[in-house]
>>> print(open('start_4.txt').read())   # compact mmCIF, C-alpha atoms
# COMPACT_ATOMS: atom_id res chain seq x y z
CA MET A 145 5.62 45.76 -18.49
CA LYS A 146 3.80 48.57 -16.79
CA ASN A 147 4.77 49.40 -13.30
CA ASP A 148 2.06 51.23 -11.37
CA ARG A 149 4.07 51.60 -8.22
CA LYS A 150 6.12 54.77 -7.88
CA ILE A 151 9.76 53.82 -8.24
CA LYS A 152 11.86 55.30 -5.45
CA HIS A 153 15.37 54.10 -6.19
CA HIS A 154 16.76 55.02 -9.59
CA LEU A 155 19.78 54.46 -11.82
CA SER A 156 22.87 56.53 -11.11
CA GLU A 157 23.81 59.38 -13.46
CA ASP A 158 27.01 57.56 -14.32
CA LEU A 159 25.18 54.44 -15.49
CA LEU A 160 22.71 56.47 -17.54
CA MET A 161 25.50 58.42 -19.19
CA ARG A 162 27.51 55.33 -20.01
CA TYR A 163 24.46 53.56 -21.40
CA SER A 164 23.70 56.60 -23.55
CA ASN A 165 27.22 56.89 -24.97
CA GLY A 166 27.68 53.18 -25.56
CA THR A 167 30.50 52.48 -23.12
CA LEU A 168 28.59 50.36 -20.61
CA CYS A 169 29.18 46.60 -20.59
CA GLU A 170 26.43 44.22 -21.65
CA ALA A 171 25.42 42.97 -18.19
CA PHE A 172 24.92 46.47 -16.77
CA SER A 173 23.23 47.58 -20.01
CA LEU A 174 20.74 44.77 -19.50
CA ALA A 175 19.88 46.11 -16.04
CA VAL A 176 19.64 49.69 -17.34
CA ALA A 177 17.38 48.71 -20.27
CA THR A 178 15.17 46.68 -17.95
CA HIS A 179 14.84 49.49 -15.41
CA ILE A 180 14.14 52.11 -18.10
CA SER A 181 11.36 49.92 -19.46
CA MET A 182 9.74 50.26 -16.02
CA CYS A 183 10.70 53.85 -15.16
CA ASP A 184 9.66 56.94 -17.10
CA ASP A 185 11.90 59.23 -15.03
CA CYS A 186 15.05 57.37 -16.01
CA ARG A 187 13.84 57.10 -19.61
CA ALA A 188 13.54 60.88 -19.71
CA ALA A 189 16.98 61.24 -18.13
CA LEU A 190 18.44 58.85 -20.73
CA GLU A 191 16.85 60.85 -23.54
CA SER A 192 18.39 64.04 -22.22
CA TYR A 193 21.82 62.37 -22.19
CA GLU A 194 21.21 61.28 -25.78
CA ALA A 195 20.31 64.88 -26.60
CA VAL A 196 23.64 65.95 -25.13
CA GLY A 197 25.31 63.35 -27.35
CA GLY A 198 23.43 64.70 -30.37
CA ALA A 199 24.40 68.28 -29.59
CA LEU A 200 28.05 67.29 -29.06
CA LEU A 201 28.00 65.42 -32.37
CA ASP A 202 26.48 68.44 -34.08
CA VAL A 203 29.17 70.85 -32.89
CA SER A 204 32.16 68.49 -33.01
CA GLU A 205 35.13 68.99 -35.33
CA PRO A 206 34.62 66.93 -38.50
CA GLU A 207 37.12 64.33 -39.74
CA GLU A 208 37.71 64.29 -43.46
CA MET A 209 35.96 61.45 -45.27
CA SER A 210 37.58 59.59 -48.16
CA ASP A 211 36.84 60.88 -51.67
CA ASP A 212 34.40 58.21 -52.77
CA SER A 213 32.70 57.98 -49.40
CA PHE A 214 29.26 59.16 -50.46
CA GLU A 215 29.23 56.79 -53.44
CA SER A 216 30.20 53.93 -51.12
CA VAL A 217 27.25 54.75 -48.86
CA MET A 218 24.87 54.82 -51.83
CA ALA A 219 26.29 51.46 -52.95
CA LEU A 220 25.67 50.06 -49.46
CA ILE A 221 22.10 51.29 -49.64
CA GLU A 222 21.55 49.73 -53.08
CA LYS A 223 22.85 46.44 -51.78
CA GLU A 224 20.52 46.28 -48.82
CA PRO A 225 16.83 46.47 -49.57
CA ALA A 226 15.26 49.38 -47.73
CA GLN A 227 13.58 48.37 -44.53
CA THR A 228 9.93 48.93 -44.16
CA SER A 229 8.37 49.37 -40.76
CA GLN A 230 9.08 46.26 -38.84
CA VAL A 231 6.36 44.74 -36.81
CA THR A 232 8.15 43.09 -33.96
CA VAL A 233 6.19 40.38 -32.31
CA ARG A 234 6.40 40.83 -28.59
CA ARG A 235 5.86 37.92 -26.31
CA GLU A 236 3.30 38.51 -23.63
CA SER A 237 5.56 38.67 -20.65
CA ASP A 238 5.64 39.77 -17.04
CA ILE A 239 9.05 41.35 -17.60
CA PRO A 240 10.55 43.85 -20.08
CA SER A 241 11.59 42.35 -23.41
CA ALA A 242 15.24 43.26 -22.88
CA LEU A 243 15.28 40.74 -20.04
CA SER A 244 12.92 38.14 -21.50
CA ASP A 245 15.25 37.94 -24.54
CA TYR A 246 17.95 36.65 -22.20
CA ILE A 247 15.64 34.26 -20.38
CA GLY A 248 13.90 33.11 -23.53
CA GLY A 249 10.51 33.68 -21.95
CA SER A 250 9.02 35.06 -18.78
CA LEU A 251 9.88 34.58 -15.11
CA LYS A 252 8.11 31.22 -15.00
CA ASP A 253 10.51 29.91 -17.67
CA VAL A 254 13.64 30.64 -15.65
CA LYS A 255 15.80 27.59 -14.95
CA TRP A 256 16.70 28.05 -11.30
CA ARG A 257 19.60 26.45 -9.46
CA PRO A 258 19.53 26.34 -5.67
CA ILE A 259 22.40 28.10 -3.89
CA GLY A 260 21.33 27.32 -0.33
CA LEU A 261 18.75 28.34 2.29
CA GLY A 262 15.98 28.31 -0.32
CA VAL A 263 17.69 30.98 -2.39
CA LYS A 264 18.00 30.16 -6.09
CA GLN A 265 19.85 31.77 -8.95
CA SER A 266 20.02 31.65 -12.71
CA LEU A 267 23.02 33.03 -14.57
CA LEU A 268 22.33 34.99 -17.74
CA LYS A 269 24.81 34.83 -20.57
CA THR A 270 26.48 38.18 -21.19
CA SER A 271 29.88 39.06 -22.67
CA GLY A 272 32.67 40.66 -20.70
CA ASN A 273 33.75 40.38 -17.10
CA SER A 274 30.52 41.48 -15.48
CA THR A 275 27.96 38.92 -14.41
CA ALA A 276 24.17 39.08 -14.65
CA ARG A 277 22.04 36.69 -12.64
CA LEU A 278 18.47 36.35 -11.50
CA LEU A 279 17.99 35.74 -7.80
CA TYR A 280 14.98 34.08 -6.24
CA ILE A 281 14.61 34.81 -2.55
CA PRO A 282 11.69 33.17 -0.73
CA ALA A 283 9.58 35.59 1.35
CA GLY A 284 11.16 36.23 4.74
CA THR A 285 14.50 34.71 3.72
CA ALA A 286 17.87 36.43 3.89
CA VAL A 287 20.54 36.33 1.22
CA PRO A 288 23.84 35.42 2.92
CA HIS A 289 25.79 38.36 4.26
CA HIS A 290 28.16 39.61 1.61
CA SER A 291 30.24 42.50 0.43
CA HIS A 292 31.62 43.21 -3.03
CA ASN A 293 34.91 43.49 -4.79
CA GLY A 294 33.33 45.88 -7.22
CA ASN A 295 29.89 47.26 -7.93
CA GLU A 296 26.66 45.38 -7.57
CA LEU A 297 23.38 46.54 -9.02
CA THR A 298 20.19 44.86 -7.86
CA LEU A 299 16.90 45.51 -9.65
CA VAL A 300 13.72 44.17 -8.08
CA LEU A 301 11.38 42.49 -10.56
CA LYS A 302 8.84 41.01 -8.16
CA GLY A 303 8.25 41.17 -4.42
CA ALA A 304 10.51 43.35 -2.28
CA PHE A 305 13.58 43.16 -0.10
CA GLU A 306 14.97 45.18 2.76
CA ASP A 307 18.51 45.67 3.87
CA GLU A 308 20.50 48.06 6.04
CA VAL A 309 19.93 50.83 3.48
CA SER A 310 16.23 50.81 2.64
CA ARG A 311 13.28 48.86 1.30
CA PHE A 312 13.30 48.03 -2.41
CA GLY A 313 10.16 47.13 -4.36
CA PRO A 314 9.43 46.33 -8.03
CA GLY A 315 11.45 48.56 -10.34
CA ASP A 316 13.73 49.83 -7.58
CA VAL A 317 17.49 49.70 -8.05
CA GLU A 318 20.04 49.32 -5.30
CA MET A 319 23.63 50.21 -6.13
CA ALA A 320 26.20 48.72 -3.80
CA ASP A 321 29.94 49.21 -3.91
CA GLU A 322 32.88 47.92 -1.94
CA ASP A 323 31.90 49.88 1.11
CA LEU A 324 28.49 48.32 1.52
CA ASP A 325 28.34 45.14 3.51
CA HIS A 326 24.71 44.17 3.48
CA GLN A 327 22.22 41.41 4.06
CA PRO A 328 19.09 41.71 1.93
CA ILE A 329 16.00 40.01 3.33
CA ALA A 330 12.94 39.33 1.16
CA VAL A 331 9.88 40.98 2.67
CA GLU A 332 7.17 38.66 4.04
CA GLY A 333 4.16 37.93 1.87
CA GLU A 334 5.70 37.42 -1.56
CA ASP A 335 8.81 35.73 -2.88
CA CYS A 336 11.29 38.22 -4.30
CA ILE A 337 12.90 37.98 -7.73
CA CYS A 338 15.75 40.33 -8.63
CA LEU A 339 18.16 40.91 -11.44
CA ALA A 340 21.62 41.25 -9.89
CA VAL A 341 24.60 42.48 -11.87
CA THR A 342 28.13 42.57 -10.53
CA ASP A 343 31.36 43.77 -12.10
CA ALA A 344 33.42 41.54 -9.84
CA PRO A 345 32.52 38.31 -8.09
CA LEU A 346 30.44 38.70 -4.97
CA LYS A 347 32.55 38.21 -1.93
CA PHE A 348 30.87 36.19 0.74
CA GLN A 349 32.54 36.93 4.00
CA THR A 350 35.55 34.96 4.99
CA LEU A 351 37.31 35.10 8.28
CA VAL A 352 40.25 36.99 6.82
CA HIS A 353 37.93 39.58 5.39
CA LYS A 354 36.18 39.97 8.74
CA LEU A 355 39.50 40.57 10.43
CA VAL A 356 40.69 43.10 7.92
CA GLN A 357 37.53 45.01 7.32
CA PRO A 358 37.38 47.06 10.54
CA PHE A 359 40.81 48.46 9.74
CA LEU A 360 39.82 49.36 6.18
CA LYS A 361 37.06 51.54 7.51
CA ILE A 362 39.26 53.75 9.66
CA MET B 10 31.74 76.58 -7.82
CA LEU B 11 31.99 76.75 -11.54
CA LYS B 12 29.04 78.11 -13.39
CA LEU B 13 28.13 76.73 -16.77
CA PHE B 14 25.43 78.00 -19.07
CA ASP B 15 24.49 80.86 -16.80
CA ASP B 16 23.94 83.03 -19.81
CA ILE B 17 21.57 80.58 -21.41
CA GLU B 18 17.92 81.17 -21.13
CA ASN B 19 15.07 80.31 -23.33
CA PRO B 20 14.40 83.36 -25.46
CA TYR B 21 11.12 82.02 -26.73
CA SER B 22 7.81 82.84 -25.22
CA PRO B 23 5.82 79.72 -24.43
CA SER B 24 3.25 80.64 -27.04
CA GLY B 25 5.88 81.50 -29.61
CA ASP B 26 4.91 80.67 -33.16
CA ARG B 27 8.26 81.19 -34.77
CA SER B 28 9.26 79.40 -37.89
CA GLY B 29 11.13 76.19 -37.16
CA SER B 30 13.93 77.04 -39.57
CA ILE B 31 15.25 79.93 -37.52
CA SER B 32 17.48 79.28 -34.58
CA MET B 33 18.84 81.35 -31.76
CA HIS B 34 22.51 82.01 -31.92
CA SER B 35 24.40 83.63 -29.12
CA THR B 36 27.77 85.13 -29.79
CA GLY B 37 30.77 85.03 -27.56
CA MET B 38 29.94 88.57 -26.50
CA GLY B 39 26.72 87.42 -24.92
CA GLN B 40 24.64 89.18 -27.54
CA ARG B 41 22.01 87.18 -29.25
CA ILE B 42 21.43 87.33 -32.91
CA LEU B 43 19.12 85.26 -35.01
CA SER B 44 20.68 83.08 -37.62
CA ASP B 45 19.23 80.45 -39.88
CA ASN B 46 21.59 77.75 -38.62
CA LYS B 47 23.56 77.90 -41.84
CA GLY B 48 20.43 77.34 -43.84
CA HIS B 49 20.01 73.72 -42.80
CA ASP B 50 17.04 72.13 -41.24
CA TRP B 51 18.23 68.61 -40.52
CA GLU B 52 14.82 67.41 -39.40
CA GLU B 53 13.23 68.59 -42.63
CA LEU B 54 15.98 66.92 -44.68
CA LEU B 55 15.54 63.65 -42.80
CA LEU B 56 11.82 63.75 -43.46
CA MET B 57 12.56 64.28 -47.16
CA VAL B 58 14.73 61.17 -47.10
CA SER B 59 12.01 59.31 -45.25
CA ASN B 60 9.11 60.39 -47.44
CA ASP B 61 10.65 60.80 -50.89
CA LYS B 62 13.98 58.96 -50.80
CA ASP B 63 15.44 62.37 -51.64
CA ARG B 64 19.12 61.93 -52.52
CA VAL B 65 19.92 65.63 -52.56
CA ALA B 66 18.62 65.97 -49.01
CA PHE B 67 20.56 62.86 -48.03
CA ARG B 68 23.75 64.28 -49.53
CA GLN B 69 23.41 67.35 -47.32
CA LEU B 70 22.89 65.20 -44.25
CA PHE B 71 25.89 63.12 -45.28
CA ASN B 72 28.12 66.16 -45.72
CA HIS B 73 27.35 67.37 -42.22
CA PHE B 74 27.04 64.18 -40.20
CA ALA B 75 29.33 61.57 -41.80
CA PRO B 76 32.57 63.46 -40.96
CA ARG B 77 31.30 64.03 -37.43
CA ILE B 78 30.31 60.40 -36.90
CA LYS B 79 33.81 59.50 -38.09
CA SER B 80 35.26 61.94 -35.60
CA PHE B 81 33.07 60.52 -32.80
CA LEU B 82 34.17 56.96 -33.60
CA MET B 83 37.82 57.96 -33.66
CA LYS B 84 37.45 59.62 -30.27
CA ALA B 85 35.86 56.35 -29.15
CA GLY B 86 39.05 54.56 -30.12
CA ALA B 87 38.49 53.38 -33.70
CA ASP B 88 41.34 53.76 -36.20
CA PRO B 89 40.66 56.02 -39.21
CA THR B 90 39.87 53.13 -41.61
CA MET B 91 37.45 51.50 -39.20
CA ALA B 92 35.89 54.88 -38.37
CA GLU B 93 35.42 55.67 -42.07
CA GLU B 94 33.79 52.32 -42.74
CA CYS B 95 31.50 52.50 -39.70
CA SER B 96 30.55 56.07 -40.50
CA GLN B 97 29.49 54.94 -43.99
CA GLU B 98 27.47 52.09 -42.51
CA ALA B 99 25.88 54.46 -40.00
CA MET B 100 24.84 56.79 -42.84
CA ALA B 101 23.36 53.82 -44.73
CA THR B 102 21.37 53.05 -41.57
CA VAL B 103 20.18 56.68 -41.48
CA TRP B 104 18.80 56.17 -45.00
CA ASN B 105 17.30 52.76 -44.30
CA LYS B 106 15.69 53.70 -41.00
CA ALA B 107 14.66 57.26 -41.89
CA HIS B 108 11.00 56.17 -41.75
CA LEU B 109 11.46 55.54 -38.01
CA PHE B 110 12.61 59.11 -37.34
CA ASP B 111 10.01 61.03 -35.36
CA PRO B 112 10.79 64.74 -34.98
CA ALA B 113 8.40 64.92 -32.02
CA ARG B 114 10.63 62.54 -30.07
CA ALA B 115 14.19 63.45 -30.98
CA SER B 116 16.10 66.04 -32.97
CA ALA B 117 17.89 64.84 -36.10
CA SER B 118 21.31 65.09 -34.44
CA THR B 119 20.12 63.15 -31.39
CA TRP B 120 18.59 60.44 -33.57
CA ILE B 121 21.72 60.20 -35.71
CA PHE B 122 23.86 60.16 -32.56
CA THR B 123 22.00 57.08 -31.30
CA ILE B 124 22.70 55.34 -34.64
CA ALA B 125 26.40 56.22 -34.39
CA ARG B 126 26.42 55.10 -30.76
CA ASN B 127 24.85 51.74 -31.67
CA LYS B 128 27.44 51.35 -34.44
CA ARG B 129 30.14 51.88 -31.83
CA ILE B 130 28.65 49.06 -29.75
CA ASP B 131 28.00 46.57 -32.60
CA ALA B 132 31.00 47.11 -34.81
CA ILE B 133 33.73 48.36 -32.52
CA ARG B 134 32.95 46.91 -29.13
CA LYS B 135 31.21 43.89 -30.71
CA ILE B 136 28.74 43.39 -27.91
CA ARG B 137 25.00 43.13 -27.75
CA ARG B 138 23.00 46.10 -26.57
CA PRO B 139 19.83 45.35 -24.63
CA GLU B 140 17.22 47.99 -25.53
CA PRO B 141 14.38 49.32 -23.37
CA ASP B 142 10.83 48.54 -24.46
CA GLU B 143 9.45 51.17 -26.81
CA LEU B 144 6.97 53.47 -25.18
CA THR B 145 3.53 52.83 -26.52
CA TRP B 146 1.91 56.12 -27.21
CA PRO B 147 -1.80 56.67 -26.89
CA ASP B 148 -3.45 57.59 -30.18
CA GLU B 149 -2.00 60.95 -31.04
CA ILE B 150 -4.31 63.90 -30.66
CA GLU B 151 -2.08 65.77 -33.09
CA PRO B 152 0.36 67.37 -30.69
CA ALA B 153 3.21 66.08 -32.84
CA GLN B 154 3.99 69.23 -34.77
CA GLU B 155 4.15 71.44 -31.70
CA ASP B 156 6.26 68.85 -29.90
CA ALA B 157 8.62 68.67 -32.85
CA LEU B 158 9.05 72.43 -32.95
CA GLU B 159 9.63 72.67 -29.21
CA LEU B 160 12.14 69.83 -29.32
CA LYS B 161 13.95 71.45 -32.20
CA GLN B 162 14.21 74.74 -30.34
CA GLN B 163 15.44 73.03 -27.19
CA SER B 164 18.02 71.07 -29.16
CA GLU B 165 19.32 74.24 -30.74
CA ILE B 166 19.57 75.90 -27.34
CA LEU B 167 21.45 72.87 -26.10
CA ALA B 168 23.84 72.83 -29.07
CA ASP B 169 24.44 76.55 -28.66
CA ALA B 170 24.99 76.07 -24.94
CA ILE B 171 27.64 73.45 -25.65
CA GLN B 172 29.23 75.44 -28.44
CA ASN B 173 29.51 78.48 -26.21
CA LEU B 174 31.14 76.68 -23.33
CA PRO B 175 34.67 77.80 -22.60
CA GLU B 176 36.96 75.52 -24.61
CA LYS B 177 38.28 73.57 -21.61
CA GLN B 178 34.85 72.78 -20.27
CA ARG B 179 33.59 71.74 -23.67
CA GLN B 180 36.52 69.38 -23.97
CA LEU B 181 35.76 67.99 -20.54
CA VAL B 182 32.14 67.27 -21.39
CA GLU B 183 33.24 65.81 -24.73
CA LYS B 184 35.83 63.57 -23.11
CA ALA B 185 33.38 62.41 -20.49
CA PHE B 186 30.88 61.67 -23.20
CA PHE B 187 32.71 60.37 -26.23
CA LYS B 188 35.72 58.63 -24.82
CA GLU B 189 35.67 55.46 -22.87
CA LEU B 190 37.16 57.13 -19.84
CA SER B 191 36.21 56.94 -16.24
CA HIS B 192 36.19 60.08 -14.15
CA SER B 193 39.55 59.15 -12.68
CA GLU B 194 41.04 58.70 -16.16
CA ILE B 195 39.74 62.12 -17.12
CA ALA B 196 41.45 63.45 -14.01
CA LEU B 197 44.73 62.03 -15.28
CA GLU B 198 44.23 63.53 -18.72
CA THR B 199 43.13 66.97 -17.60
CA GLY B 200 45.09 67.24 -14.37
CA LEU B 201 41.94 68.27 -12.52
CA PRO B 202 41.10 66.72 -9.16
CA LEU B 203 38.43 64.06 -9.33
CA GLY B 204 35.96 65.91 -7.09
CA THR B 205 36.12 68.98 -9.30
CA ILE B 206 35.55 66.94 -12.42
CA LYS B 207 32.59 65.09 -10.98
CA SER B 208 30.92 68.27 -9.81
CA ARG B 209 31.63 70.07 -13.09
CA ILE B 210 30.21 67.28 -15.19
CA ARG B 211 27.22 66.88 -12.92
CA LEU B 212 26.57 70.60 -12.96
CA ALA B 213 27.00 70.78 -16.72
CA LEU B 214 24.57 67.94 -17.23
CA GLU B 215 22.06 69.34 -14.76
CA ARG B 216 22.14 72.63 -16.56
CA LEU B 217 21.88 70.96 -19.93
CA ARG B 218 18.93 69.01 -18.66
CA HIS B 219 17.40 72.18 -17.31
CA ALA B 220 17.92 73.80 -20.70
CA MET B 221 15.98 70.89 -22.15
CA GLY B 222 13.03 71.75 -19.91
>>> encode(input="start_4.txt", output="structure tokens")
Amino acid sequence: MKNDRKIKHHLSEDLLMRYSNGTLCEAFSLAVATHISMCDDCRAALESYEAVGGALLDVSEPEEMSDDSFESVMALIEKEPAQTSQVTVRRESDIPSALSDYIGGSLKDVKWRPIGLGVKQSLLKTSGNSTARLLYIPAGTAVPHHSHNGNELTLVLKGAFEDEVSRFGPGDVEMADEDLDHQPIAVEGEDCICLAVTDAPLKFQTLVHKLVQPFLKI
Amino acid sequence: MLKLFDDIENPYSPSGDRSGSISMHSTGMGQRILSDNKGHDWEELLLMVSNDKDRVAFRQLFNHFAPRIKSFLMKAGADPTMAEECSQEAMATVWNKAHLFDPARASASTWIFTIARNKRIDAIRKIRRPEPDELTWPDEIEPAQEDALELKQQSEILADAIQNLPEKQRQLVEKAFFKELSHSEIALETGLPLGTIKSRIRLALERLRHAMG
């Protein structure tokens, strides 16, 4: 998927580092891989983190291997036939393959479920406590006001939305944490589709929360 | 504000035509001497594995990297048996996928690091790792060799920069990178305030990135 528009909102350093060192959970990794497929800046940043990993590996203190270790590796190699260059067949898709693998196709194949006010969602199956979902927000429609228990990452795939922070178009990432209480509205003209990843359930505002929140901000 | 890597600068002229097998080595005294990186050219050895299935070359790669992959996996939380086994599997992957190694895109240690990292995800964390789409490159107009040389030099500068960090800072970067620790957990381990850690790591990484051009 080639993105001609200049991406303005990028992945955080923390996410890039954790994706590069293999500590990020699957749902957030999906969002990172999808964004990087659309964003050369973040791809370059990821590669520099991987270079740091390589350099750290190179200069790290070795652990002693067992005596027959090399022979075991050669035996493993004998067992598995050497791979030749794999030609991976890529589906023609309007979205990066990392994401289409989870959908099993392109955006038109998504099985949407309505969640009210014309907004639809589709949960993607990932392991761990984080949740990945696709959101479909009709042009001009607002997603209900909500805050978060944890972190929420929203990556725009199509269309655009605006909230209290900024305007987000295709490829842009918005990171929201507990402190952000926002109401994204899909921009007029085109329906907006996003990948939203949360590491705790979204918290739609309850009365109790409304009462408590002003005090939390002092 | 802490300063990392202030003494690191690229000693090569942009038009430098130095042999790829020589690396810059800076001593603790700030003097620079040229060394041959202990006589090893990991990229060359990987290409020998890729092109000729060269077992002698592979043995040298194994001797250097397998114990370090094991060490990485143990820092990532694997027990010694698991780390040994995964390190062996990672080295088998190095052999099997050597044909995919492109010295114009990554140094040997970076490429091997990504294999070790993926092993950590598959075998230890047992989760799936979504991968970005591969970049499709326009038909090469033969810049590959120059790119490979430049990348190799940058990687050596980076490794030297890390090796020459004061011990505590090197440990901090290593912890941040290899262990599954959040910044606040690192604060607990090192006793440093969170703000200091965040700015140190950020600064270290910015400088490393700068060193990478």
>>> residues_near_point(input="start_4.txt", point="(20.0, 45.8, -16.4)", cutoff="12 Å", atoms="only C-alpha atoms", output="VMD selection string")
(chain A and resid 154 to 155 159 to 160 163 168 to 182 239 to 244 246 268 270 274 to 278 296 to 301 315 to 319 338 to 342) or (chain B and resid 138 to 141)
>>> atom_distance(input="start_4.txt", atom1="atom CA of Thr90 of chain B", atom2="atom CA of Arg129 of chain B")
13.9 Å
>>> closest_residue(input="start_4.txt", among="B:Asp156, B:Asp131, B:Glu93, B:Asp63", to="chain A", atoms="all atoms listed in the file")
B:Glu93
>>> axis_aligned_box(input="start_4.txt", around="segment 181-184 of chain A", padding_each_side="3 Å", output="lines of an AutoDock Vina configuration file")
center_x = 10.5
center_y = 53.4
center_z = -17.3
size_x = 7.7
size_y = 13.0
size_z = 10.3
>>> residues_around(input="start_4.txt", residues="Glu334 of chain A", least_positions_apart="5", cutoff="10 Å", atoms="all atoms listed in the file", output="PyMOL selection string")
chain A and resi 281-284+302-305
